[in-house]
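For reference, work.cif is printed below; it contains mmCIF, C-alpha atoms and all ligand atoms.
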data_start
loop_
_atom_site.label_atom_id
_atom_site.label_comp_id
_atom_site.auth_asym_id
_atom_site.auth_seq_id
_atom_site.Cartn_x
_atom_site.Cartn_y
_atom_site.Cartn_z
CA MET A 1 54.45 -23.10 125.10
CA LYS A 2 51.77 -22.52 127.69
CA SER A 3 50.85 -25.19 130.18
CA ASP A 4 47.92 -25.58 132.53
CA ILE A 5 49.78 -28.12 134.57
CA ARG A 6 50.31 -26.94 138.12
CA VAL A 7 52.76 -28.19 140.71
CA CYS A 8 52.56 -28.41 144.49
CA SER A 9 54.16 -25.26 145.88
CA ALA A 10 55.51 -27.16 148.89
CA TRP A 11 56.74 -30.29 147.14
CA ARG A 12 60.36 -29.53 148.00
CA GLU A 13 59.59 -29.92 151.69
CA ARG A 14 56.83 -32.48 151.50
CA HIS A 15 57.50 -34.79 148.57
CA ASP A 16 60.41 -36.59 146.98
CA ARG A 17 59.55 -35.13 143.60
CA PRO A 18 57.22 -32.51 142.12
CA VAL A 19 53.55 -33.37 142.50
CA TYR A 20 51.64 -32.16 139.47
CA SER A 21 47.96 -31.41 139.39
CA LEU A 22 45.37 -29.64 137.31
CA SER A 23 43.59 -28.29 140.38
CA SER A 24 44.54 -25.44 142.70
CA GLU A 25 45.41 -27.77 145.56
CA CYS A 26 47.97 -30.52 145.83
CA PRO A 27 46.11 -33.86 145.78
CA VAL A 28 48.62 -35.29 148.25
CA CYS A 29 49.13 -32.61 150.91
CA SER A 30 46.48 -29.97 150.05
CA ALA A 31 49.03 -27.20 149.72
CA LYS A 32 48.40 -24.58 147.09
CA THR A 33 49.71 -25.40 143.65
CA GLU A 34 51.50 -23.01 141.38
CA ASN A 35 51.86 -22.86 137.64
CA SER A 36 54.64 -25.19 136.61
CA ALA A 37 55.65 -23.08 133.62
CA PRO A 38 58.37 -21.05 135.40
CA ALA A 39 60.27 -24.18 136.21
CA PRO A 40 62.67 -23.86 139.16
CA PHE A 41 65.23 -26.00 137.39
CA ASP A 42 67.31 -25.76 134.25
CA PRO A 43 65.09 -26.90 131.37
CA GLU A 44 68.07 -28.52 129.70
CA ASP A 45 68.54 -30.81 132.68
CA PRO A 46 65.07 -31.01 134.14
CA TYR A 47 65.53 -33.56 136.88
CA GLY A 48 68.96 -35.15 137.24
CA GLU A 49 71.06 -32.38 138.70
CA TYR A 50 68.16 -30.83 140.53
CA ARG A 51 67.20 -34.01 142.32
CA ARG A 52 70.79 -34.67 143.28
CA ALA A 53 71.00 -31.16 144.73
CA LEU A 54 67.74 -31.69 146.59
CA LYS A 55 68.97 -34.89 148.17
CA ARG A 56 72.21 -33.26 149.19
CA ARG A 57 70.33 -30.43 150.89
CA SER A 58 67.64 -32.37 152.74
CA ARG A 59 69.21 -35.67 153.72
ZN ZN B 1 51.94 -31.40 148.01
#
Re-express the file's structure as structure tokens.
Ligand SMILES: [Zn+2]
Amino acid sequence: MKSDIRVCSAWRERHDRPVYSLSSECPVCSAKTENSAPAPFDPEDPYGEYRRALKRRSR
């Protein structure tokens, strides 16, 4: 499945959760966006474990 949805490349540092966009820049912080297809998290557990890990690391 191919997707045109893009995600802020700096969302891990700048946002609490992925910021999706169809443009080449993040609408929130103007960072470049990258294709969201190669998801950085396990597709079988898209958000739960990943967000817990993120919180553990940054706060
Ligand atoms: Zn952003």
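Based on all atoms listed in the file, the protein and nucleic acid residues found within 7 Å of ligand ZN 1 (chain B) are, by chain and then by number, Cys8, Ser9, Ala10, Trp11, Arg14, His15, Val19, Cys26, Pro27, Val28, Cys29, Ser30 and Ala31 of chain A.
Counting all atoms listed in the file, the residue from A:Arg51, A:Ser36, A:Arg56, A:Ile5 that sits nearest to Ser23 of chain A is A:Ile5.
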How far is it from atom CA of Leu54 of chain A to atom CA of Thr33 of chain A, in Å with one decimal?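 Straight-line distance from atom CA of Leu54 of chain A to atom CA of Thr33 of chain A works out to 19.3 Å.
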